[in-house]
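Text of the file structure.csv, holding CSV, C-alpha atoms and all ligand atoms:
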chain,number,residue,atom,x,y,z
A,1,MET,CA,12.6,-5.3,-18.2
A,2,LYS,CA,9.1,-3.9,-17.4
A,3,PRO,CA,9.3,-0.6,-15.4
A,4,ILE,CA,7.2,-0.2,-12.3
A,5,CYS,CA,7.1,2.6,-9.6
A,6,ILE,CA,6.7,2.0,-5.9
A,7,VAL,CA,5.1,5.0,-4.1
A,8,GLY,CA,6.2,4.9,-0.5
A,9,ILE,CA,9.2,2.7,-1.3
A,10,SER,CA,11.3,3.4,1.8
A,11,GLY,CA,8.9,1.9,4.4
A,12,LYS,CA,9.2,-1.7,5.5
A,13,LEU,CA,6.5,-2.8,3.1
A,14,GLY,CA,8.0,-0.8,0.3
A,15,GLN,CA,11.4,-2.3,0.8
A,16,HIS,CA,10.0,-5.8,0.7
A,17,MET,CA,8.1,-5.0,-2.5
A,18,THR,CA,11.3,-3.6,-4.0
A,19,GLU,CA,13.2,-6.9,-3.3
A,20,HIS,CA,10.5,-9.0,-4.9
A,21,ALA,CA,10.1,-6.7,-7.9
A,22,LEU,CA,13.9,-6.7,-8.6
A,23,ALA,CA,14.0,-10.5,-8.2
A,24,ARG,CA,11.2,-10.7,-10.7
A,25,GLY,CA,13.2,-8.6,-13.2
A,26,TYR,CA,11.2,-5.4,-13.0
A,27,GLU,CA,13.0,-2.1,-13.4
A,28,VAL,CA,12.1,-0.1,-10.3
A,29,THR,CA,11.6,3.6,-9.6
A,30,GLY,CA,10.2,4.9,-6.3
A,31,VAL,CA,9.1,7.9,-4.4
A,32,CYS,CA,9.8,8.5,-0.7
A,33,ARG,CA,10.3,11.4,1.6
A,34,PRO,CA,13.7,13.0,1.2
A,35,GLU,CA,14.8,12.2,4.7
A,36,SER,CA,14.1,8.5,4.0
A,37,VAL,CA,16.2,8.1,0.9
A,38,ARG,CA,19.1,6.7,3.0
A,39,LYS,CA,17.0,3.7,4.0
A,40,LEU,CA,17.3,2.5,0.4
A,41,GLU,CA,21.1,2.6,0.2
A,42,ARG,CA,21.5,-1.2,0.0
A,43,PHE,CA,19.7,-1.2,-3.4
A,44,GLY,CA,22.4,1.1,-4.8
A,45,ASP,CA,21.9,1.9,-8.5
A,46,ARG,CA,19.5,-1.0,-9.0
A,47,ILE,CA,16.6,1.4,-8.3
A,48,ALA,CA,15.9,5.1,-9.2
A,49,VAL,CA,14.6,7.1,-6.3
A,50,PHE,CA,12.6,10.4,-6.7
A,51,PRO,CA,12.6,12.1,-3.3
A,52,GLY,CA,9.4,13.8,-2.3
A,53,ARG,CA,6.2,13.3,-0.4
A,54,THR,CA,4.0,10.6,-1.9
A,55,ASP,CA,1.2,13.2,-2.4
A,56,ASP,CA,3.5,15.5,-4.3
A,57,ARG,CA,1.9,15.3,-7.7
A,58,ALA,CA,4.9,16.6,-9.7
A,59,VAL,CA,7.3,14.1,-8.1
A,60,VAL,CA,4.9,11.2,-8.3
A,61,GLU,CA,4.1,12.0,-12.0
A,62,LYS,CA,7.8,12.1,-12.9
A,63,ALA,CA,8.5,8.8,-11.0
A,64,MET,CA,5.6,7.0,-12.7
A,65,ARG,CA,6.4,8.2,-16.2
A,66,GLY,CA,6.6,5.2,-18.6
A,67,CYS,CA,5.7,2.7,-16.0
A,68,ASP,CA,3.5,-0.4,-16.7
A,69,GLY,CA,2.7,-0.9,-13.0
A,70,VAL,CA,2.5,1.2,-9.8
A,71,LEU,CA,2.5,-0.1,-6.2
A,72,VAL,CA,1.2,2.4,-3.7
A,73,VAL,CA,1.5,2.3,0.1
A,74,LEU,CA,-1.4,4.4,1.5
A,75,ALA,CA,0.2,5.7,4.7
A,76,PRO,CA,-2.3,7.4,7.1
A,77,TRP,CA,0.2,9.9,8.6
A,78,GLY,CA,-0.7,13.4,9.6
A,79,VAL,CA,-4.1,15.1,9.2
A,80,HIS,CA,-3.5,16.6,5.8
A,81,ASP,CA,-5.2,14.0,3.6
A,82,TYR,CA,-1.9,12.3,2.9
A,83,ALA,CA,-3.3,8.9,1.9
A,84,SER,CA,-6.1,10.3,-0.3
A,85,GLY,CA,-3.7,12.8,-1.9
A,86,THR,CA,-1.3,9.9,-2.6
A,87,ALA,CA,-4.2,7.8,-4.1
A,88,ARG,CA,-5.4,10.8,-6.2
A,89,ALA,CA,-2.0,11.5,-7.6
A,90,ALA,CA,-1.5,7.9,-8.7
A,91,LEU,CA,-5.0,7.6,-10.1
A,92,ASP,CA,-4.8,10.9,-12.0
A,93,LEU,CA,-1.2,10.8,-13.2
A,94,ALA,CA,-0.1,7.2,-13.8
A,95,PRO,CA,0.3,6.3,-17.5
A,96,PRO,CA,-3.1,5.3,-18.9
A,97,LYS,CA,-2.5,1.6,-19.3
A,98,ALA,CA,-0.6,1.2,-16.0
A,99,ARG,CA,-1.8,-1.5,-13.5
A,100,LEU,CA,-2.3,0.1,-10.1
A,101,VAL,CA,-2.0,-1.8,-6.8
A,102,PHE,CA,-2.7,0.0,-3.6
A,103,SER,CA,-2.2,-1.3,-0.1
A,104,CYS,CA,-4.0,-0.4,3.2
A,105,GLY,CA,-5.5,-2.2,6.2
A,106,TRP,CA,-8.6,-4.3,6.5
A,107,HIS,CA,-10.7,-1.4,7.9
A,108,VAL,CA,-11.2,0.1,4.4
A,109,SER,CA,-14.3,-1.6,3.3
A,110,ARG,CA,-15.6,-1.5,-0.3
A,111,ASP,CA,-19.3,-2.3,0.4
A,112,GLY,CA,-19.5,-1.8,4.1
A,113,LYS,CA,-20.2,-5.5,4.6
A,114,ASP,CA,-16.9,-6.4,6.3
A,115,ARG,CA,-17.5,-7.5,10.0
A,116,PHE,CA,-14.5,-6.9,12.2
A,117,GLY,CA,-13.1,-8.3,15.4
A,118,TRP,CA,-12.9,-6.3,18.6
A,119,LYS,CA,-9.4,-5.1,18.0
A,120,ILE,CA,-10.1,-3.4,14.7
A,121,ARG,CA,-13.3,-2.0,16.0
A,122,ALA,CA,-11.5,-0.5,19.0
A,123,ILE,CA,-8.8,1.0,16.9
A,124,VAL,CA,-11.3,2.6,14.5
A,125,ARG,CA,-13.8,3.8,17.2
A,126,LEU,CA,-11.5,4.7,20.0
A,127,GLY,CA,-7.9,5.0,18.7
A,128,SER,CA,-8.7,6.8,15.6
A,129,PRO,CA,-10.3,10.0,17.1
A,130,ILE,CA,-7.4,10.2,19.6
A,131,LEU,CA,-4.7,9.8,17.0
A,132,ARG,CA,-6.5,12.4,14.8
A,133,ALA,CA,-6.8,14.8,17.7
A,134,LEU,CA,-3.1,14.4,18.3
A,135,ARG,CA,-2.6,15.2,14.6
A,136,LEU,CA,-0.6,12.0,14.2
A,137,VAL,CA,-2.7,9.7,12.0
A,138,ASP,CA,-6.0,10.0,10.1
A,139,LEU,CA,-7.5,6.5,9.5
A,140,ASP,CA,-10.6,8.1,7.9
A,141,ASP,CA,-8.4,9.5,5.2
A,142,GLN,CA,-7.4,6.0,4.2
A,143,VAL,CA,-11.1,5.3,3.9
A,144,ARG,CA,-11.5,8.4,1.6
A,145,ALA,CA,-8.5,7.1,-0.4
A,146,GLY,CA,-10.3,3.8,-0.7
A,147,ASP,CA,-13.5,5.6,-2.0
A,148,LEU,CA,-11.4,7.4,-4.7
A,149,ILE,CA,-10.0,4.1,-5.8
A,150,PHE,CA,-13.4,2.2,-5.8
A,151,ALA,CA,-14.9,5.0,-8.0
A,152,SER,CA,-12.0,4.9,-10.5
A,153,GLY,CA,-12.4,3.3,-13.9
A,154,ARG,CA,-8.7,2.5,-13.9
A,155,ASP,CA,-7.2,-1.0,-13.6
A,156,TRP,CA,-6.7,-0.9,-9.8
A,157,THR,CA,-6.5,-3.5,-7.0
A,158,LEU,CA,-6.8,-2.4,-3.4
A,159,VAL,CA,-5.0,-5.0,-1.2
A,160,ARG,CA,-6.3,-4.8,2.4
A,161,GLY,CA,-3.6,-6.3,4.6
A,162,SER,CA,-4.0,-7.9,8.0
A,163,ASP,CA,-1.7,-7.2,11.0
A,164,LEU,CA,1.9,-7.4,9.9
A,165,GLU,CA,5.1,-9.0,11.4
A,166,GLU,CA,8.7,-9.5,10.4
A,167,GLY,CA,10.1,-12.9,9.7
A,168,PRO,CA,10.7,-15.3,6.8
A,169,SER,CA,8.2,-15.9,4.1
A,170,GLU,CA,5.3,-18.2,4.9
A,171,GLY,CA,4.1,-18.3,1.3
A,172,LEU,CA,1.6,-16.3,-0.6
A,173,PRO,CA,-1.2,-14.9,1.6
A,174,VAL,CA,-4.7,-16.2,1.4
A,175,ARG,CA,-7.5,-13.8,0.3
A,176,ALA,CA,-11.2,-13.2,0.6
A,177,ARG,CA,-13.7,-10.5,-0.4
A,178,HIS,CA,-14.5,-9.7,3.2
A,179,ALA,CA,-12.4,-9.5,6.3
A,180,HIS,CA,-14.7,-11.7,8.4
A,181,ASP,CA,-14.3,-14.7,6.0
A,182,PRO,CA,-13.1,-17.7,8.1
A,183,VAL,CA,-10.1,-18.2,5.9
A,184,LEU,CA,-8.7,-14.9,7.3
A,185,VAL,CA,-9.2,-15.8,11.0
A,186,ARG,CA,-5.4,-15.6,11.7
A,187,ASN,CA,-5.2,-11.9,11.0
A,188,LEU,CA,-1.4,-11.9,10.8
A,189,MET,CA,1.0,-12.0,7.9
A,190,ARG,CA,4.7,-11.6,7.3
A,191,ARG,CA,5.7,-8.3,5.7
A,192,THR,CA,7.8,-10.0,3.2
A,193,ASP,CA,4.7,-11.7,1.9
A,194,ALA,CA,3.6,-8.3,0.5
A,195,LEU,CA,4.9,-10.2,-2.5
A,196,PHE,CA,1.1,-10.5,-3.0
A,197,MET,CA,1.1,-6.9,-4.2
A,198,VAL,CA,3.9,-7.5,-6.7
A,199,ALA,CA,2.1,-10.7,-8.0
A,200,ALA,CA,-1.1,-8.7,-8.3
A,201,LEU,CA,0.5,-6.6,-11.0
A,202,ILE,CA,0.0,-9.5,-13.5
A,203,ASP,CA,-3.1,-11.1,-12.0
A,204,PRO,CA,-6.1,-10.0,-14.1
A,205,THR,CA,-8.5,-11.7,-11.7
A,206,LEU,CA,-7.7,-9.0,-9.2
A,207,ILE,CA,-8.5,-6.0,-11.4
A,208,ARG,CA,-11.1,-3.8,-9.6
A,209,GLU,CA,-11.0,-6.1,-6.6
A,210,ALA,CA,-10.3,-5.2,-3.0
A,211,PRO,CA,-9.2,-8.5,-1.4
A,212,ALA,CA,-8.5,-8.8,2.3
A,213,ILE,CA,-5.4,-10.9,2.9
A,214,THR,CA,-3.5,-12.6,5.7
A,215,GLY,CA,-0.8,-15.2,6.0
A,216,PRO,CA,-1.6,-18.9,5.2
A,217,GLY,CA,-2.7,-20.7,8.4
B,301,LIG,N1,-1.3,-4.6,2.3
B,301,LIG,C1,-0.8,-4.9,3.5
B,301,LIG,O1,-0.2,-5.9,3.6
B,301,LIG,C2,-0.9,-3.9,4.6
B,301,LIG,C3,-1.3,-4.4,5.8
B,301,LIG,C4,-1.4,-3.5,6.8
B,301,LIG,C5,-1.1,-2.2,6.6
B,301,LIG,N2,-0.8,-1.8,5.3
B,301,LIG,C6,-0.4,-0.4,5.0
B,301,LIG,O2,1.0,-0.4,5.0
B,301,LIG,C7,1.4,0.7,5.8
B,301,LIG,C8,2.4,0.2,6.8
B,301,LIG,O3,3.5,-0.1,6.1
B,301,LIG,P1,4.9,-0.5,6.8
B,301,LIG,O4,4.7,-1.7,7.6
B,301,LIG,O5,5.8,-0.6,5.7
B,301,LIG,O6,5.2,0.7,7.8
B,301,LIG,P2,6.3,1.8,7.7
B,301,LIG,O7,7.6,1.2,7.5
B,301,LIG,O8,6.0,2.6,8.9
B,301,LIG,O9,5.9,2.7,6.4
B,301,LIG,C9,4.7,3.2,6.1
B,301,LIG,C10,4.9,4.3,5.1
B,301,LIG,O10,4.6,5.5,5.8
B,301,LIG,C11,5.6,6.5,5.6
B,301,LIG,N3,5.7,7.3,6.7
B,301,LIG,C12,6.1,7.0,8.0
B,301,LIG,N4,6.0,8.1,8.8
B,301,LIG,C13,5.5,9.1,8.0
B,301,LIG,C14,5.2,10.5,8.3
B,301,LIG,N5,5.3,11.0,9.5
B,301,LIG,N6,4.8,11.2,7.2
B,301,LIG,C15,4.6,10.7,6.0
B,301,LIG,N7,4.9,9.4,5.7
B,301,LIG,C16,5.3,8.6,6.7
B,301,LIG,C17,6.8,5.7,5.3
B,301,LIG,O11,7.7,6.5,4.7
B,301,LIG,P3,9.2,6.8,5.3
B,301,LIG,O12,10.1,5.7,4.9
B,301,LIG,O13,9.5,8.1,4.6
B,301,LIG,O14,9.1,6.9,6.8
B,301,LIG,C18,6.2,4.5,4.5
B,301,LIG,O15,6.1,4.9,3.1
B,301,LIG,C19,0.2,1.3,6.4
B,301,LIG,O16,0.2,2.7,6.0
B,301,LIG,C20,-1.0,0.6,6.0
B,301,LIG,O17,-1.8,1.4,5.3
B,301,LIG,C21,-0.6,-2.7,4.4
For this file, write the structure as structure tokens.
Amino acid sequence: MKPICIVGISGKLGQHMTEHALARGYEVTGVCRPESVRKLERFGDRIAVFPGRTDDRAVVEKAMRGCDGVLVVLAPWGVHDYASGTARAALDLAPPKARLVFSCGWHVSRDGKDRFGWKIRAIVRLGSPILRALRLVDLDDQVRAGDLIFASGRDWTLVRGSDLEEGPSEGLPVRARHAHDPVLVRNLMRRTDALFMVAALIDPTLIREAPAITGPG
């Protein structure tokens, strides 16, 4: 069994990725905040959980030790550089040959050429300063996390997800280099189809790519 680590394993996306990884025969370790460990009870001893914040370098290093792959949820919570601290820990401390797959939203653009619809523009321009002022969420820090990843020489993929919803699988998401590609017009995917991130671990065509994804139409 190939060992992988899921950083941010207790969130909704993290739990879906855990199900898929176990079903595909991976040995799974994960990092989540101590207060969230109970969310993973149903997995029992099929996974090993390392409680800690996902930007806690000591915890993340220990959890990733010996792993061939690392899946990272870049959560934008708080105003303490949580997403960029998480990305930096994974990039700096993952085993040298590990495949790294990060996930964030569409708004993190690699080359600045993504063109967004009104909803994303409103969230980034209007919602983001308010959320940051309330010290709840720092979307710009996800952008900084993206910049760290893009500058890295490691074998990374940054999966930029569309809006998410619950529900049964619709099949592997479609992908494009830019969020305005017509193939992505739906801007909605099922969380369970974060299977895309697990599949990316063994897809060499996605190395150093930042695909925007959404559910098949
Ligand atoms: N690739 C994609 O498909 C895609 C698409 C859109 C967005 N995203 C990314 O995925 C995330 C949404 O994931 P989700 O749907 O699984 O949502 P979620 O269940 O709310 O989990 C998001 C992550 O944030 C953590 N978190 C929640 N509140 C926190 C807090 N106050 N402080 C620190 N960490 C906190 C969660 O950990 P706990 O379990 O400890 O709460 C979890 O690891 C977003 O951060 C976004 O960047 C990905």
With all atoms listed in the file as the atoms that count, which of A:Ile6, A:Val174, A:Ala75, A:Leu22 lies nearest to ligand LIG 301 (chain B)?
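Smallest separation from ligand LIG 301 (chain B) among the options: A:Ala75.
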Who sits within 7 Å of range 84-100 of chain A, all atoms listed in the file, same chain under 6 positions skipped, as an mmCIF file with C-alpha atoms, keeping the file's coordinate frame:
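And here's part-v1.cif as it stands now:
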data_model
loop_
_atom_site.group_PDB
_atom_site.id
_atom_site.type_symbol
_atom_site.label_atom_id
_atom_site.label_comp_id
_atom_site.auth_asym_id
_atom_site.auth_seq_id
_atom_site.Cartn_x
_atom_site.Cartn_y
_atom_site.Cartn_z
ATOM 1 C CA THR A 54 4.000 10.600 -1.900
ATOM 2 C CA ASP A 55 1.200 13.200 -2.400
ATOM 3 C CA ARG A 57 1.900 15.300 -7.700
ATOM 4 C CA VAL A 60 4.900 11.200 -8.300
ATOM 5 C CA GLU A 61 4.100 12.000 -12.000
ATOM 6 C CA MET A 64 5.600 7.000 -12.700
ATOM 7 C CA ARG A 65 6.400 8.200 -16.200
ATOM 8 C CA GLY A 66 6.600 5.200 -18.600
ATOM 9 C CA CYS A 67 5.700 2.700 -16.000
ATOM 10 C CA ASP A 68 3.500 -0.400 -16.700
ATOM 11 C CA GLY A 69 2.700 -0.900 -13.000
ATOM 12 C CA VAL A 70 2.500 1.200 -9.800
ATOM 13 C CA LEU A 71 2.500 -0.100 -6.200
ATOM 14 C CA LEU A 74 -1.400 4.400 1.500
ATOM 15 C CA ASP A 141 -8.400 9.500 5.200
ATOM 16 C CA GLN A 142 -7.400 6.000 4.200
ATOM 17 C CA ARG A 144 -11.500 8.400 1.600
ATOM 18 C CA ALA A 145 -8.500 7.100 -0.400
ATOM 19 C CA ASP A 155 -7.200 -1.000 -13.600
ATOM 20 C CA TRP A 156 -6.700 -0.900 -9.800
ATOM 21 C CA THR A 157 -6.500 -3.500 -7.000
ATOM 22 C CA LEU A 201 0.500 -6.600 -11.000
#
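Residues in contact range of range 115-123 of chain A, defined as at most 7 Å between only C-alpha atoms, with sequence neighbours fewer than 3 positions away removed, read Leu126, Gly127, Ser128, Ala179 and His180 of chain A.
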Counting all atoms listed in the file, what are the residues, protein, DNA or RNA alike, that approach ligand LIG 301 (chain B) to within 8 Å? I want them as a PyMOL selection string.
chain A and resi 7-15+32-37+39+53-54+73-78+82+102-106+136+142+159-164+189+191+193-194+197+213-214
Quick one: of A:Ala199, A:Ala63, A:Leu172, A:Val31, who's nearest to Pro51 in chain A, counting all atoms listed in the file?
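Checking each of A:Ala199, A:Ala63, A:Leu172, A:Val31 against Pro51 in chain A, counting all atoms listed in the file, the winner is A:Val31.
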Between A:Ala200, A:Val59, A:Ala23, A:Ala48, which residue has the minimum interatomic distance to Leu158 in chain A, considering all atoms listed in the file?
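Of A:Ala200, A:Val59, A:Ala23, A:Ala48, the one nearest Leu158 in chain A, counting all atoms listed in the file, is A:Ala200.
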Just how far from CA of Asp114 in chain A is CA of Asp181 in chain A, in Å to one decimal?
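Atom-to-atom, CA of Asp181 in chain A and CA of Asp114 in chain A are spaced 8.7 Å apart.
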For Ala176 in chain A, which residue among A:Leu206, A:Ala212, A:Leu188, A:Val143 is the nearest when counting only C-alpha atoms?
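Closest to Ala176 in chain A of all the choices is A:Ala212.
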How far is it from CA of Ala21 in chain A to CA of Gly171 in chain A, in Å with one decimal?
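Separation of CA of Ala21 in chain A and CA of Gly171 in chain A: 16.0 Å.
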Using only C-alpha atoms for the distances, tell me which of A:Asp56, A:Asp138, A:Glu19, A:Asp203 is nearest to Arg42 in chain A.
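Comparing A:Asp56, A:Asp138, A:Glu19, A:Asp203 against Arg42 in chain A, the winner is A:Glu19.
The spacing separating CA of Val137 in chain A from CA of Val79 in chain A amounts to 6.2 Å.
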Identify which of the residues A:Pro173, A:Leu40, A:Pro204, A:Glu166 lies closest to Arg186 in chain A, counting all atoms listed in the file when measuring atom-to-atom distances.
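Checking each of A:Pro173, A:Leu40, A:Pro204, A:Glu166 against Arg186 in chain A, counting all atoms listed in the file, the winner is A:Pro173.
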Find the residues around Arg110 in chain A up to 10 Å (all atoms listed in the file counted), leave out those fewer than 3 positions away in its own chain, and share them as an mmCIF file with C-alpha atoms, keeping the file's coordinate frame.
data_model
loop_
_atom_site.group_PDB
_atom_site.id
_atom_site.type_symbol
_atom_site.label_atom_id
_atom_site.label_comp_id
_atom_site.auth_asym_id
_atom_site.auth_seq_id
_atom_site.Cartn_x
_atom_site.Cartn_y
_atom_site.Cartn_z
ATOM 1 C CA HIS A 107 -10.700 -1.400 7.900
ATOM 2 C CA LYS A 113 -20.200 -5.500 4.600
ATOM 3 C CA ASP A 114 -16.900 -6.400 6.300
ATOM 4 C CA VAL A 143 -11.100 5.300 3.900
ATOM 5 C CA GLY A 146 -10.300 3.800 -0.700
ATOM 6 C CA ASP A 147 -13.500 5.600 -2.000
ATOM 7 C CA ILE A 149 -10.000 4.100 -5.800
ATOM 8 C CA PHE A 150 -13.400 2.200 -5.800
ATOM 9 C CA LEU A 158 -6.800 -2.400 -3.400
ATOM 10 C CA ARG A 177 -13.700 -10.500 -0.400
ATOM 11 C CA HIS A 178 -14.500 -9.700 3.200
ATOM 12 C CA GLU A 209 -11.000 -6.100 -6.600
ATOM 13 C CA ALA A 210 -10.300 -5.200 -3.000
ATOM 14 C CA PRO A 211 -9.200 -8.500 -1.400
#
